[in-house]
Structures are given as structure tokens and as C-alpha cells.
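Participant: Contents of work.txt (compact mmCIF, C-alpha atoms):
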# COMPACT_ATOMS: atom_id res chain seq x y z
CA MET B 1 152.02 101.07 162.32
CA ASN B 2 148.94 98.95 162.04
CA LYS B 3 146.88 101.58 163.86
CA ILE B 4 148.20 104.35 161.61
CA THR B 5 147.29 102.41 158.47
CA LYS B 6 143.79 101.72 159.81
CA ARG B 7 143.26 105.41 160.64
CA LEU B 8 144.57 106.48 157.26
CA THR B 9 142.29 104.02 155.48
CA ARG B 10 139.28 105.22 157.48
CA GLY B 11 140.20 108.83 156.75
CA ILE B 12 140.51 108.23 153.04
CA ALA B 13 137.24 106.24 152.95
CA LEU B 14 135.47 109.00 154.84
CA THR B 15 136.85 111.64 152.48
CA PHE B 16 135.59 109.68 149.46
CA LEU B 17 132.21 109.11 151.11
CA ILE B 18 131.76 112.80 151.90
CA GLY B 19 133.03 113.77 148.48
CA GLY B 20 130.69 111.29 146.85
CA LEU B 21 127.70 112.49 148.81
CA ALA B 22 128.55 116.08 148.03
CA GLY B 23 128.80 115.14 144.37
CA ILE B 24 125.38 113.54 144.42
CA SER B 25 123.77 116.42 146.25
CA THR B 26 125.27 119.08 143.99
CA ALA B 27 124.51 117.14 140.79
CA GLY B 28 120.74 117.66 141.23
CA ALA B 29 118.66 118.41 138.16
CA SER B 30 121.59 119.46 135.96
CA GLY B 31 123.29 116.11 136.65
CA ASP B 32 120.17 114.28 135.49
CA GLU B 33 120.04 116.40 132.39
CA ALA B 34 123.68 115.71 131.62
CA ALA B 35 123.14 111.99 132.15
CA TYR B 36 120.11 112.11 129.84
CA LYS B 37 122.07 113.96 127.16
CA MET B 38 124.75 111.31 127.33
CA SER B 39 122.19 108.50 127.10
CA HIS B 40 120.49 110.24 124.19
CA GLU B 41 123.77 110.71 122.34
CA ASP B 42 124.67 107.06 122.90
CA ALA B 43 121.25 105.98 121.64
CA VAL B 44 121.50 108.07 118.47
CA ALA B 45 125.01 106.77 117.78
CA ALA B 46 123.86 103.16 118.26
CA LEU B 47 120.84 103.68 116.04
CA ASP B 48 122.94 105.30 113.33
CA MET B 49 125.19 102.23 113.38
CA ALA B 50 122.16 99.95 113.02
CA LYS B 51 120.78 102.11 110.22
CA LYS B 52 124.02 101.85 108.26
CA VAL B 53 123.64 98.09 108.08
CA GLY B 54 119.86 98.11 107.53
CA GLY B 55 119.23 96.73 110.99
CA GLU B 56 117.07 99.32 112.71
CA TRP B 57 114.17 98.01 114.75
CA ARG B 58 110.65 99.38 114.49
CA ASP B 59 110.22 100.94 117.91
CA ALA B 60 113.60 102.50 118.58
CA ARG B 61 113.14 105.78 116.65
CA TRP B 62 110.83 105.17 113.69
CA LYS B 63 108.53 108.16 113.40
CA LYS B 64 105.42 106.03 112.96
CA SER B 65 106.13 103.75 115.92
CA LYS B 66 103.38 103.52 118.52
CA ALA B 67 105.36 101.58 121.11
CA VAL B 68 105.29 104.04 124.02
CA LYS B 69 102.36 105.99 125.37
CA VAL B 70 103.38 109.40 126.72
CA LYS B 71 101.00 111.77 128.45
CA ILE B 72 101.76 115.29 127.29
CA GLY B 73 99.43 117.74 129.01
CA GLU B 74 95.93 116.40 128.50
CA GLU B 75 96.89 114.33 125.48
CA THR B 76 98.33 110.83 125.37
CA LYS B 77 100.57 110.28 122.36
CA LYS B 78 102.12 107.08 121.03
CA MET B 79 105.71 107.18 119.85
CA SER B 80 109.09 105.45 119.61
CA HIS B 81 111.41 105.03 122.58
CA LEU B 82 113.74 107.78 121.41
CA ALA B 83 110.86 110.19 120.86
CA ALA B 84 109.52 109.26 124.29
CA ALA B 85 112.93 109.98 125.80
CA GLU B 86 112.90 113.40 124.17
CA ALA B 87 109.35 114.11 125.27
CA TYR B 88 110.07 113.17 128.89
CA ALA B 89 113.25 115.25 128.85
CA LYS B 90 111.24 118.22 127.66
CA MET B 91 108.92 117.72 130.62
CA GLY B 92 111.91 117.52 132.97
CA ASP B 93 111.32 113.85 133.84
CA TYR B 94 114.89 112.72 133.29
CA GLU B 95 114.45 109.39 135.00
CA LYS B 96 111.93 108.25 132.39
CA ALA B 97 113.84 110.05 129.63
CA ILE B 98 117.00 108.09 130.45
CA LYS B 99 115.04 104.84 130.69
CA HIS B 100 113.66 105.22 127.16
CA ALA B 101 116.93 106.51 125.71
CA ASP B 102 118.62 103.43 127.14
CA ILE B 103 116.00 101.15 125.56
CA ALA B 104 116.54 102.91 122.22
CA LYS B 105 120.29 102.45 122.63
CA PHE B 106 119.87 98.76 123.46
CA GLN B 107 117.71 98.29 120.37
CA GLY B 108 120.28 100.09 118.23
CA VAL B 109 123.11 97.90 119.49
CA ALA B 110 121.02 94.74 119.17
CA GLY B 111 119.86 95.68 115.66
CA TYR B 112 123.44 96.26 114.55
CA GLN B 113 124.64 92.98 116.06
CA GLN B 114 121.70 91.14 114.50
CA ALA B 115 122.49 92.54 111.06
CA MET B 116 126.15 91.58 111.46
CA SER B 117 125.18 88.05 112.44
CA GLN B 118 123.10 87.78 109.26
CA LYS B 119 125.88 88.71 106.84
CA ASN B 120 125.79 85.30 105.23
CA ALA B 121 122.06 84.74 105.43
CA GLY B 122 120.71 82.23 102.95
CA PRO B 123 118.43 79.23 102.66
CA GLN B 124 118.80 76.46 105.24
CA PHE B 125 117.34 73.44 103.53
CA MET I 1 150.33 85.63 75.79
CA LYS I 2 147.88 88.52 75.75
CA ARG I 3 145.42 86.44 73.75
CA LEU I 4 145.80 83.60 76.22
CA LEU I 5 145.05 85.92 79.13
CA ILE I 6 142.04 87.44 77.39
CA GLY I 7 140.79 83.96 76.58
CA ALA I 8 141.24 82.82 80.14
CA LEU I 9 139.45 85.93 81.42
CA ALA I 10 136.57 85.40 79.01
CA THR I 11 136.28 81.79 80.15
CA LEU I 12 136.25 82.89 83.79
CA ILE I 13 133.52 85.46 83.09
CA ALA I 14 131.49 82.86 81.20
CA VAL I 15 131.86 80.35 84.04
CA GLY I 16 130.89 83.04 86.55
CA ALA I 17 127.85 83.98 84.48
CA THR I 18 126.78 80.36 84.27
CA ALA I 19 127.21 80.05 88.01
CA THR I 20 124.92 83.04 88.61
CA LEU I 21 122.37 81.70 86.16
CA ALA I 22 122.52 78.47 88.08
CA GLY I 23 122.01 80.61 91.19
CA GLN I 24 118.55 81.79 90.16
CA SER I 25 117.41 78.52 88.65
CA GLU I 26 118.97 76.49 91.46
CA ASP I 27 117.26 78.68 94.05
CA LEU I 28 113.90 78.06 92.42
CA LYS I 29 114.58 74.37 92.00
CA ALA I 30 115.60 74.00 95.65
CA LEU I 31 112.54 75.91 96.85
CA LYS I 32 110.27 73.90 94.59
CA ASN I 33 111.68 70.62 95.92
CA TYR I 34 111.37 71.81 99.50
CA MET I 35 107.76 72.93 99.07
CA GLN I 36 106.72 69.82 97.21
CA LYS I 37 108.16 67.68 100.01
CA ARG I 38 106.50 69.88 102.61
CA PHE I 39 103.13 69.80 100.85
CA PRO I 40 103.05 66.53 98.89
CA ASN I 41 99.30 66.80 98.28
CA VAL I 42 99.41 70.26 96.69
CA ALA I 43 99.77 70.42 92.92
CA TYR I 44 102.65 72.74 92.03
CA MET I 45 100.53 75.20 90.06
CA ASP I 46 98.07 75.44 92.98
CA PHE I 47 100.68 77.29 95.03
CA ALA I 48 99.36 80.38 93.23
CA ASN I 49 96.34 80.07 95.53
CA GLY I 50 98.50 80.62 98.60
CA SER I 51 97.32 79.24 101.91
CA TYR I 52 93.96 78.33 100.37
CA ALA I 53 95.69 75.52 98.52
CA LEU I 54 96.58 74.05 101.91
CA ASP I 55 93.31 74.22 103.80
CA ALA I 56 89.97 73.08 102.38
CA ALA I 57 87.84 74.94 104.93
CA LYS I 58 89.61 78.23 104.27
CA ALA I 59 89.37 77.58 100.55
CA THR I 60 85.58 77.30 100.81
CA GLN I 61 85.38 80.70 102.54
CA TRP I 62 87.73 82.18 99.97
CA GLU I 63 85.71 80.85 97.06
CA SER I 64 82.54 82.35 98.48
CA GLN I 65 84.37 85.70 98.71
CA ARG I 66 85.35 85.35 95.08
CA ASP I 67 81.73 84.88 94.03
CA PHE I 68 81.18 88.54 94.81
CA PRO I 69 84.58 90.24 94.52
CA PRO I 70 84.58 93.42 96.58
CA PHE I 71 87.04 95.14 94.25
CA LEU I 72 85.26 95.36 90.89
CA ASP I 73 84.52 99.10 91.22
CA HIS I 74 88.16 99.73 92.05
CA LEU I 75 89.25 97.90 88.91
CA ASP I 76 86.97 100.17 86.89
CA VAL I 77 88.78 103.14 88.43
CA GLY I 78 92.10 101.52 87.48
CA GLU I 79 90.97 101.11 83.89
CA LYS I 80 89.79 104.71 83.81
CA ILE I 81 93.17 105.92 85.06
CA TRP I 82 94.90 103.91 82.31
CA ASN I 83 92.67 105.44 79.64
CA THR I 84 92.78 109.04 80.90
CA PRO I 85 95.26 111.12 78.88
CA PHE I 86 97.85 113.24 80.67
CA ALA I 87 97.73 117.03 80.42
CA ASN I 88 100.31 116.84 77.63
CA GLY I 89 98.04 114.60 75.57
CA LYS I 90 100.09 111.46 76.12
CA GLY I 91 99.05 108.54 78.29
CA PHE I 92 100.25 105.42 80.07
CA GLY I 93 100.14 103.59 76.75
CA ASP I 94 103.00 105.80 75.57
CA CYS I 95 105.14 104.54 78.43
CA PHE I 96 104.07 100.90 78.57
CA GLY I 97 102.81 100.10 75.08
CA SER I 98 99.23 100.10 73.90
CA ASP I 99 98.39 96.53 74.94
CA PRO I 100 97.63 96.53 78.68
CA SER I 101 97.71 92.73 78.81
CA GLN I 102 101.46 92.82 78.12
CA VAL I 103 102.43 95.20 80.91
CA ARG I 104 102.34 93.16 84.15
CA VAL I 105 104.46 90.34 82.77
CA LYS I 106 107.36 92.67 82.01
CA TYR I 107 107.92 93.51 85.69
CA PRO I 108 109.98 93.44 87.75
CA ARG I 109 112.86 93.72 85.33
CA TRP I 110 116.46 94.84 85.25
CA ASN I 111 117.31 98.18 83.64
CA ALA I 112 120.90 97.88 82.43
CA ASP I 113 121.20 101.64 81.84
CA THR I 114 120.14 102.80 85.29
CA LYS I 115 121.50 99.65 86.97
CA THR I 116 118.30 99.28 88.96
CA VAL I 117 115.35 96.94 89.28
CA GLU I 118 112.19 98.39 87.77
CA THR I 119 108.86 97.46 89.30
CA LEU I 120 105.43 98.02 87.79
CA GLU I 121 104.41 100.56 90.41
CA GLY I 122 107.79 102.28 90.16
CA GLN I 123 107.36 102.63 86.42
CA ILE I 124 103.81 103.99 86.78
CA VAL I 125 105.23 106.73 88.98
CA ALA I 126 108.17 107.29 86.62
CA CYS I 127 105.79 107.58 83.66
CA GLN I 128 103.71 110.18 85.46
CA LYS I 129 106.77 112.20 86.43
CA ALA I 130 108.19 112.05 82.92
CA ASN I 131 104.94 113.49 81.62
CA GLY I 132 104.67 116.28 84.18
CA GLU I 133 101.89 114.59 86.14
CA LYS I 134 101.59 114.46 89.92
CA PRO I 135 102.71 110.94 90.83
CA LEU I 136 100.35 108.60 92.65
CA LYS I 137 101.10 107.46 96.19
CA THR I 138 102.96 104.21 96.01
CA LYS I 139 101.44 101.61 98.36
CA LYS I 140 97.68 101.77 98.07
CA GLY I 141 94.82 103.70 96.56
CA LYS I 142 94.82 104.59 92.87
CA ILE I 143 98.23 103.08 92.09
CA ALA I 144 96.98 99.73 93.42
CA TYR I 145 93.74 100.02 91.38
CA LEU I 146 95.69 100.69 88.20
CA SER I 147 98.27 98.02 88.91
CA ALA I 148 95.54 95.51 89.84
CA TRP I 149 93.65 96.24 86.64
CA LEU I 150 96.84 95.73 84.63
CA ALA I 151 97.55 92.49 86.49
CA GLY I 152 94.01 91.35 85.74
CA GLN I 153 94.61 91.99 82.04
CA ALA I 154 97.57 89.62 82.23
CA ASN I 155 95.66 86.78 83.87
CA GLY I 156 96.64 83.36 82.60
CA GLN I 157 100.15 84.44 81.61
CA LYS I 158 103.17 83.03 83.38
CA ILE I 159 105.50 84.96 85.63
CA ASN I 160 108.94 85.03 84.09
CA VAL I 161 111.42 87.30 85.85
CA VAL I 162 114.72 87.41 84.01
CA VAL I 163 118.01 88.03 85.78
CA PRO I 164 120.48 88.78 82.97
CA GLN I 165 123.33 86.36 83.51
CA ASP I 166 125.86 88.54 81.73
CA ASP I 167 125.25 91.58 83.95
CA PRO I 168 126.97 91.32 87.34
CA ASP I 169 124.98 94.29 88.64
CA ALA I 170 121.71 92.53 87.87
CA VAL I 171 122.96 89.40 89.58
CA ALA I 172 124.05 91.49 92.57
CA ALA I 173 120.57 93.03 92.80
CA TYR I 174 119.02 89.56 92.72
CA GLU I 175 121.45 88.34 95.37
CA ALA I 176 120.68 91.38 97.55
CA GLY I 177 116.97 90.57 97.31
CA ARG I 178 117.68 86.93 98.12
CA LYS I 179 119.75 87.93 101.15
CA PHE I 180 116.98 90.26 102.32
CA PHE I 181 114.50 87.39 102.10
CA TYR I 182 116.60 85.10 104.28
CA THR I 183 117.84 87.75 106.75
CA LYS I 184 116.41 87.74 110.24
CA ARG I 185 115.48 91.25 111.31
CA GLY I 186 113.53 93.20 113.88
CA GLN I 187 112.90 92.62 117.53
CA LEU I 188 111.26 89.26 116.79
CA ASN I 189 114.39 88.14 114.92
CA MET I 190 112.49 86.71 111.98
CA SER I 191 113.15 86.55 108.26
CA CYS I 192 110.65 86.42 105.39
CA ALA I 193 111.72 82.79 105.02
CA ASP I 194 110.96 81.95 108.64
CA CYS I 195 107.26 82.42 107.93
CA HIS I 196 106.96 81.67 104.22
CA VAL I 197 109.45 78.84 103.83
CA TYR I 198 110.26 77.02 107.07
CA ASN I 199 106.88 77.58 108.75
CA SER I 200 104.65 77.83 105.70
CA GLY I 201 101.38 76.03 106.28
CA MET I 202 101.56 76.69 110.04
CA GLN I 203 99.24 78.98 111.96
CA ALA I 204 100.40 82.43 113.05
CA ARG I 205 97.55 83.46 115.33
CA GLY I 206 94.48 83.18 113.08
CA ASN I 207 96.41 83.14 109.82
CA LEU I 208 97.75 80.24 107.84
CA LEU I 209 101.21 81.16 106.56
CA SER I 210 101.41 80.96 102.79
CA PRO I 211 104.32 79.32 100.96
CA VAL I 212 106.64 81.72 99.11
CA ILE I 213 106.04 80.08 95.75
CA GLY I 214 103.02 81.60 94.06
CA GLN I 215 102.71 84.46 96.55
CA VAL I 216 103.08 87.21 93.97
CA THR I 217 100.67 85.92 91.34
CA HIS I 218 97.63 87.68 92.78
CA PHE I 219 99.10 91.09 93.65
CA PRO I 220 97.98 93.81 94.05
CA VAL I 221 95.75 92.02 96.49
CA TRP I 222 92.52 92.90 98.27
CA ARG I 223 93.03 92.03 101.92
CA GLY I 224 90.18 91.70 104.35
CA LYS I 225 92.40 93.21 107.04
CA TRP I 226 93.14 96.30 104.96
CA ALA I 227 89.49 96.62 103.96
CA ARG I 228 88.35 96.49 107.58
CA ALA I 229 90.73 99.34 108.41
CA THR I 230 88.84 101.53 105.93
CA GLY I 231 85.37 100.39 106.91
CA GLY I 232 85.28 98.01 103.96
CA LYS I 233 85.88 100.74 101.39
CA ASP I 234 89.35 99.85 100.17
CA GLY I 235 91.36 96.70 100.79
CA PHE I 236 93.80 97.04 97.90
CA GLY I 237 97.53 97.15 98.40
CA THR I 238 100.66 96.55 96.39
CA LEU I 239 103.26 93.86 97.01
CA GLN I 240 105.56 96.40 98.63
CA ARG I 241 102.75 97.49 100.96
CA ARG I 242 102.75 93.88 102.13
CA TYR I 243 106.55 93.95 102.62
CA ASP I 244 106.03 97.03 104.74
CA GLY I 245 103.47 95.19 106.87
CA CYS I 246 105.64 92.08 107.26
CA ASN I 247 108.61 94.13 108.39
CA LYS I 248 106.47 95.98 110.90
CA GLN I 249 105.06 92.70 112.20
CA VAL I 250 108.52 91.40 113.07
CA ARG I 251 109.18 94.83 114.63
CA ALA I 252 111.76 95.94 112.11
CA LYS I 253 111.76 99.45 110.74
CA PRO I 254 110.23 99.18 107.27
CA PHE I 255 112.23 100.35 104.27
CA LYS I 256 111.23 103.00 101.78
CA ASN I 257 108.55 101.94 99.33
CA LEU I 258 110.00 101.51 95.84
CA GLY I 259 113.44 101.98 97.35
CA VAL I 260 116.37 99.79 96.40
CA GLU I 261 115.89 97.27 99.26
CA TYR I 262 112.28 96.42 98.47
CA ASN I 263 112.83 96.57 94.71
CA ASN I 264 115.65 94.03 94.99
CA LEU I 265 113.52 91.90 97.30
CA GLU I 266 110.70 92.01 94.76
CA TYR I 267 113.14 90.97 92.03
CA PHE I 268 114.07 87.84 93.97
CA HIS I 269 110.61 87.21 95.40
CA GLN I 270 108.80 87.38 92.06
CA SER I 271 111.42 85.25 90.36
CA MET I 272 110.71 82.50 92.90
CA SER I 273 107.26 82.29 91.28
CA ASN I 274 108.60 81.93 87.75
CA GLY I 275 106.32 79.58 85.87
CA GLN I 276 103.32 80.28 88.10
CA THR I 277 100.20 81.71 86.49
CA ILE I 278 99.05 85.26 87.14
CA ASN I 279 95.62 85.22 88.81
CA ALA I 280 95.14 88.79 89.93
CA PRO I 281 93.66 90.56 91.68
CA ASP I 282 92.43 88.29 94.39
CA TYR I 283 91.09 88.26 97.91
CA ARG I 284 93.24 87.37 100.90
CA GLU I 285 92.57 87.45 104.64
Now that the file is in, can you turn its structure into C-alpha cells?

Facilitator:
Amino acid sequence: MNKITKRLTRGIALTFLIGGLAGISTAGASGDEAAYKMSHEDAVAALDMAKKVGGEWRDARWKKSKAVKVKIGEETKKMSHLAAAEAYAKMGDYEKAIKHADIAKFQGVAGYQQAMSQKNAGPQF
Amino acid sequence: MKRLLIGALATLIAVGATATLAGQSEDLKALKNYMQKRFPNVAYMDFANGSYALDAAKATQWESQRDFPPFLDHLDVGEKIWNTPFANGKGFGDCFGSDPSQVRVKYPRWNADTKTVETLEGQIVACQKANGEKPLKTKKGKIAYLSAWLAGQANGQKINVVVPQDDPDAVAAYEAGRKFFYTKRGQLNMSCADCHVYNSGMQARGNLLSPVIGQVTHFPVWRGKWARATGGKDGFGTLQRRYDGCNKQVRAKPFKNLGVEYNNLEYFHQSMSNGQTINAPDYRE
């Protein structure tokens, strides 16, 4: 009984491992793109929340932000994290695109939480 | 019974109105006390000189700058804009009254009809639009020259921003501006008050942080920093241009110029200099 359980467990683990590896290998570029799209959507949603409460930060998606330098062709442009995410996605560099979308999302969440924490702001003297 | 209820309601409204009046005057009183304790050697009316009232060495540099103000030509342009008739034959005098020395002191003010705070620059733009003119850009350039010239005409007069105590919308606008001033924002998690109340008189890199009282008396201001960005040609900027810069410095997304957030902030901010003397335009670092 013990042996059977062990074999079964190994079999199931192996199945999951193979399945997982197959999943990773088939995901490829389209998987990265899907992950980026999800990160981008999350970032926009978080930033919209922050905007609603007047809590957006400068470098998350403000058009005049110069926080991130992105080399596009021969040119290096300065832009916000969200714009950088979009630029890298356009170039097919989803790793960097996701990284900047996630920073934008973090800043959106943090900006919203900050604004909420300041609901009763007033003098402290 | 009805009369009793109406009477009680009227009393409540009156008490509420008094409380809000106390709000503005109490805010100013509390700030004044705080600043006078923080800077016991600074005469109250000298707060209009900003950080130069706190540091003798900086004051010497500032006074030498004032011997040869870099903005006189720009003031001439401002005066010319004021005196140039619109295409329809009217002029700014038709919007603001013919005496330019009485314009600056009216703003910011509450407009009970539109339920909004009116600022001087906002009304310059509104006047142009109402007369079919192309409105000036709102933060710097010609609008700052005109506004600075008007402020200069009002020199020596006292700032006196009125928050109508019987108008809850006006009080709400003032309160919104007050909240903005004390709200931490941006990646650096700093409020206007963090610099200009709690840390006023301290160094932020090479700059001495000015106290909030008296900050608005010399606006539009000629800043050395802004002048350097244009090769020395133009250092003028409006108060809301400065808000923009402060918000960017704490890494918050700036709000729209002449939008409701900055107008309300200006309403509160200027009223915290009530009683201070207009001494505009002036030079700042």
C-alpha cells in the first residue's frame, strides 16, 4: 500500500512537471505578450484608481515625465514607466515591458493608498 | 412649531457659518503663532520677504539683485498688453475696471454665481475669451508680465482674501485648498506644509525653504532658476507655475493650471498671507 502510494505520488508529480514544462515551452513569445497585456491592464486600472482620488505620481504615466530612458532605433527618449512599457512591448522586449508596467502599477496602487491615508490631512501644530 | 424649527435651523446655520469664519481666521492665527515661535527674530511683516528675512547673507545677495531688476522690460510689455485694445475696441479695463492698482487685491475671490474661485490669471484669460481674443498661455510669458505689472501697481496694499462665511460652497473651496496644502503626495510623500511650515527655514539642497506666510506677496515672481532655463531671457512665472514645480519636485503628477485644485489651493494659500503687504514683482532664487 505504501509502495503504491509512493508510485502514484511520483507519477502525479512527474505528470505535473512534464505538463508544466510543456506549458512553459509552448507559451513562448505569445505567453510573454499575454503576460505583458495583463500587467499593462493592471497598471492602467491602478493608475485610474489613483487619478480618481488625485493621487497619481509624476513618473507612472504623466506624458511629460522623463523618468525612463528608452532607446528607440537610434534615438533615446525619456518617458514615464507606462510609456516605457508600451515602447518596449512595441519592440517585442516583453521582459522590460512587464518590468515597467509593474512599476507603473505599483506607483498607481501606492498613490491611491497614499491619497486614502491623507483623507483627514490638516495642520499638525 | 414650524417657527421654532425654522428658528433652530437658522441658529444652526449661523453657528456653522461662525465656525467656518473661525476656520479661516483660526488657521491664520495658528500659523502666525507657529511661525513667530519658529522665527522669533523675524518681524511679522518681514515674512513678505520670504527666506531672505531669515538669512542675512542671502538677503545681501537678493538686495544687490534688486538694485538692477532683470524684469523691467517685461513689466513694460505687461503694461502695453493692458493698454492695447482688443479687436472689438474694448480692453482689459472693461473687465477689471479702469484703475489697474485695484485689480491685484481683488484676487483670488469667490464667485457665488459660478461657485468657483477666480484667480487673477484665470480672469485675464476669461476676459480675453469673452472679447473674442486668443487667450494667453497660463503659467509664464505674457500672462505673467501682465499679472506682474498689475501686482506692481498694487504695491503697498494689503492682501485680503475673503471667504464668504455665509456660502458653504466658498467655505468648501477654502477647505479643499487647505486640505491640498497639508496633503502628502507624490513619490517623496511630502506636502506643501512639510517644506513651508514644518521645515521652513531649513536647507533643501542649496535653497532655504521659505515660510508659507508672505509667500504670495511677490508673485508673479522672477526666479533665477527659470531665467537660467531661458538663457536669462525670461524668469517670470505665476503662482500656479510654482505649484506645478513643487508638485513635480515631490514627484507627484501636477494638476491642471487654473483648474479647480490649484485655484482652491491658491484661495487658501493667499488667505494665509492676509494682512501682508504686496511687494511684487520680486526676484527669488

Participant: Have a look at CA of Trp62 (chain B) and CA of Ser80 (chain B) and let me know their distance in Å, one decimal.

Facilitator: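 If I compute the distance from CA of Trp62 (chain B) to CA of Ser80 (chain B), I get 6.2 Å.
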
Participant: Could you please tell me, as a ChimeraX atom specification, which residues of chain I have an atom within 12 Å of chain B when using only C-alpha atoms?

Facilitator: /I:23,26-35,37-38,175-194,196-198,244-256,260-262

Participant: By how many Å are CA of Ser98 (chain I) and CA of Leu150 (chain I) apart?

Facilitator: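 Rounded to one decimal, the two atoms are 11.8 Å apart.
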
Participant: Can you work out the spacing between CA of Asn263 (chain I) and CA of Thr114 (chain I) in Å, to one decimal?

Facilitator: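 Those two atoms sit 13.5 Å apart.
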
Participant: Set the distance at 9 Å and use all atoms listed in the file: which residues neighbour Val70 (chain B) once local chain neighbours fewer than 6 positions away are removed? I'd like the list as a PyMOL selection string.

Facilitator: chain B and resi 76-79+84+87-88

Participant: Can you tell me, as a ChimeraX atom specification, what residues are no more than 10 Å from Val44 (chain B) when counting all atoms listed in the file, ignoring any on the same chain fewer than 2 positions away?

Facilitator: /B:38-42,46-50,60-61,82,101,104-105,108

Participant: Selected residues, C-alpha atoms, written as a PDB file, keeping the file's coordinate frame, please.

Facilitator:
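And here's again-v5.pdb as it stands now:
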ATOM      1  CA  MET B  38     124.750 111.310 127.330  1.00  0.00           C
ATOM      2  CA  SER B  39     122.190 108.500 127.100  1.00  0.00           C
ATOM      3  CA  HIS B  40     120.490 110.240 124.190  1.00  0.00           C
ATOM      4  CA  GLU B  41     123.770 110.710 122.340  1.00  0.00           C
ATOM      5  CA  ASP B  42     124.670 107.060 122.900  1.00  0.00           C
ATOM      6  CA  ALA B  46     123.860 103.160 118.260  1.00  0.00           C
ATOM      7  CA  LEU B  47     120.840 103.680 116.040  1.00  0.00           C
ATOM      8  CA  ASP B  48     122.940 105.300 113.330  1.00  0.00           C
ATOM      9  CA  MET B  49     125.190 102.230 113.380  1.00  0.00           C
ATOM     10  CA  ALA B  50     122.160  99.950 113.020  1.00  0.00           C
ATOM     11  CA  ALA B  60     113.600 102.500 118.580  1.00  0.00           C
ATOM     12  CA  ARG B  61     113.140 105.780 116.650  1.00  0.00           C
ATOM     13  CA  LEU B  82     113.740 107.780 121.410  1.00  0.00           C
ATOM     14  CA  ALA B 101     116.930 106.510 125.710  1.00  0.00           C
ATOM     15  CA  ALA B 104     116.540 102.910 122.220  1.00  0.00           C
ATOM     16  CA  LYS B 105     120.290 102.450 122.630  1.00  0.00           C
ATOM     17  CA  GLY B 108     120.280 100.090 118.230  1.00  0.00           C
TER      18      GLY B 108
END

Participant: Could you check which of I:Phe71, I:Phe236, I:Tyr243, I:Tyr267 is closest to Ala173 (chain I), using all atoms listed in the file?

Facilitator: I:Tyr267

Participant: Listed atoms of region 232-238 of chain I, axis-aligned box, 6 Å per side: centre and edge lengths to one decimal in Å, as AutoDock Vina command-line options?

Facilitator:
--center_x 93.0 --center_y 98.6 --center_z 100.2 --size_x 27.4 --size_y 16.2 --size_z 19.6

Participant: I'd like the neighbourhood of Asp32 (chain B) as a ChimeraX atom specification, where a residue qualifies if any of its atoms comes within 10 Å (using only C-alpha atoms), though same-chain residues fewer than 4 positions away should be ignored.

Facilitator: /B:27-28,36-38,89,92-95,97-98

Participant: Counting all atoms listed in the file, find the residues whose atoms lie at most 10 Å from (101.6, 101.2, 97.9) (file coordinates) and write them out as an MDAnalysis selection string.

Facilitator: chainID I and resid 121:122 136:144 220 236:244 257:258

Participant: For a quick check of understanding, using only C-alpha atoms, which of I:Gln153, I:Thr60, I:Thr119, I:Asn111 has the smallest distance to Leu75 (chain I)?

Facilitator: I:Gln153

Participant: Hey, which of I:Leu208, I:Val162, I:Leu146, I:Ala151 ends up closest to Gly78 (chain I)? Count all atoms listed in the file.

Facilitator: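 Of the candidates, the smallest distance to Gly78 (chain I) is held by I:Leu146.
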
Participant: Please provide as number ranges by chain all residues within 8 Å of Trp222 (chain I), with the sequence filter that same-chain residues fewer than 5 positions apart are discarded (counting only C-alpha atoms).

Facilitator: I: 71, 227, 234-237, 281-284

Participant: Reconstruct N, CA and C atoms of region 83-96 of chain B; output as a short mmCIF file (atom, residue, chain, number, x, y, z; two decimals), in the frame of the given file.

Facilitator:
data_model
loop_
_atom_site.label_atom_id
_atom_site.label_comp_id
_atom_site.auth_asym_id
_atom_site.auth_seq_id
_atom_site.Cartn_x
_atom_site.Cartn_y
_atom_site.Cartn_z
N ALA B 83 111.76 109.03 120.80
CA ALA B 83 110.86 110.19 120.86
C ALA B 83 110.30 110.34 122.27
N ALA B 84 110.03 109.21 122.92
CA ALA B 84 109.52 109.26 124.29
C ALA B 84 110.59 109.85 125.22
N ALA B 85 111.84 109.44 124.99
CA ALA B 85 112.93 109.98 125.80
C ALA B 85 112.98 111.51 125.65
N GLU B 86 112.85 111.96 124.43
CA GLU B 86 112.90 113.40 124.17
C GLU B 86 111.71 114.13 124.79
N ALA B 87 110.55 113.49 124.71
CA ALA B 87 109.35 114.11 125.27
C ALA B 87 109.45 114.21 126.80
N TYR B 88 109.93 113.13 127.43
CA TYR B 88 110.07 113.17 128.89
C TYR B 88 111.14 114.18 129.31
N ALA B 89 112.20 114.28 128.53
CA ALA B 89 113.25 115.25 128.85
C ALA B 89 112.70 116.68 128.78
N LYS B 90 111.87 116.90 127.81
CA LYS B 90 111.24 118.22 127.66
C LYS B 90 110.40 118.56 128.89
N MET B 91 109.77 117.51 129.45
CA MET B 91 108.92 117.72 130.62
C MET B 91 109.73 117.73 131.91
N GLY B 92 111.04 117.50 131.79
CA GLY B 92 111.91 117.52 132.97
C GLY B 92 111.94 116.21 133.72
N ASP B 93 111.31 115.17 133.18
CA ASP B 93 111.32 113.85 133.84
C ASP B 93 112.50 113.05 133.29
N TYR B 94 113.67 113.32 133.84
CA TYR B 94 114.89 112.72 133.29
C TYR B 94 115.02 111.24 133.61
N GLU B 95 114.37 110.82 134.67
CA GLU B 95 114.45 109.39 135.00
C GLU B 95 113.81 108.56 133.87
N LYS B 96 112.61 108.97 133.48
CA LYS B 96 111.93 108.25 132.39
C LYS B 96 112.63 108.49 131.05
#
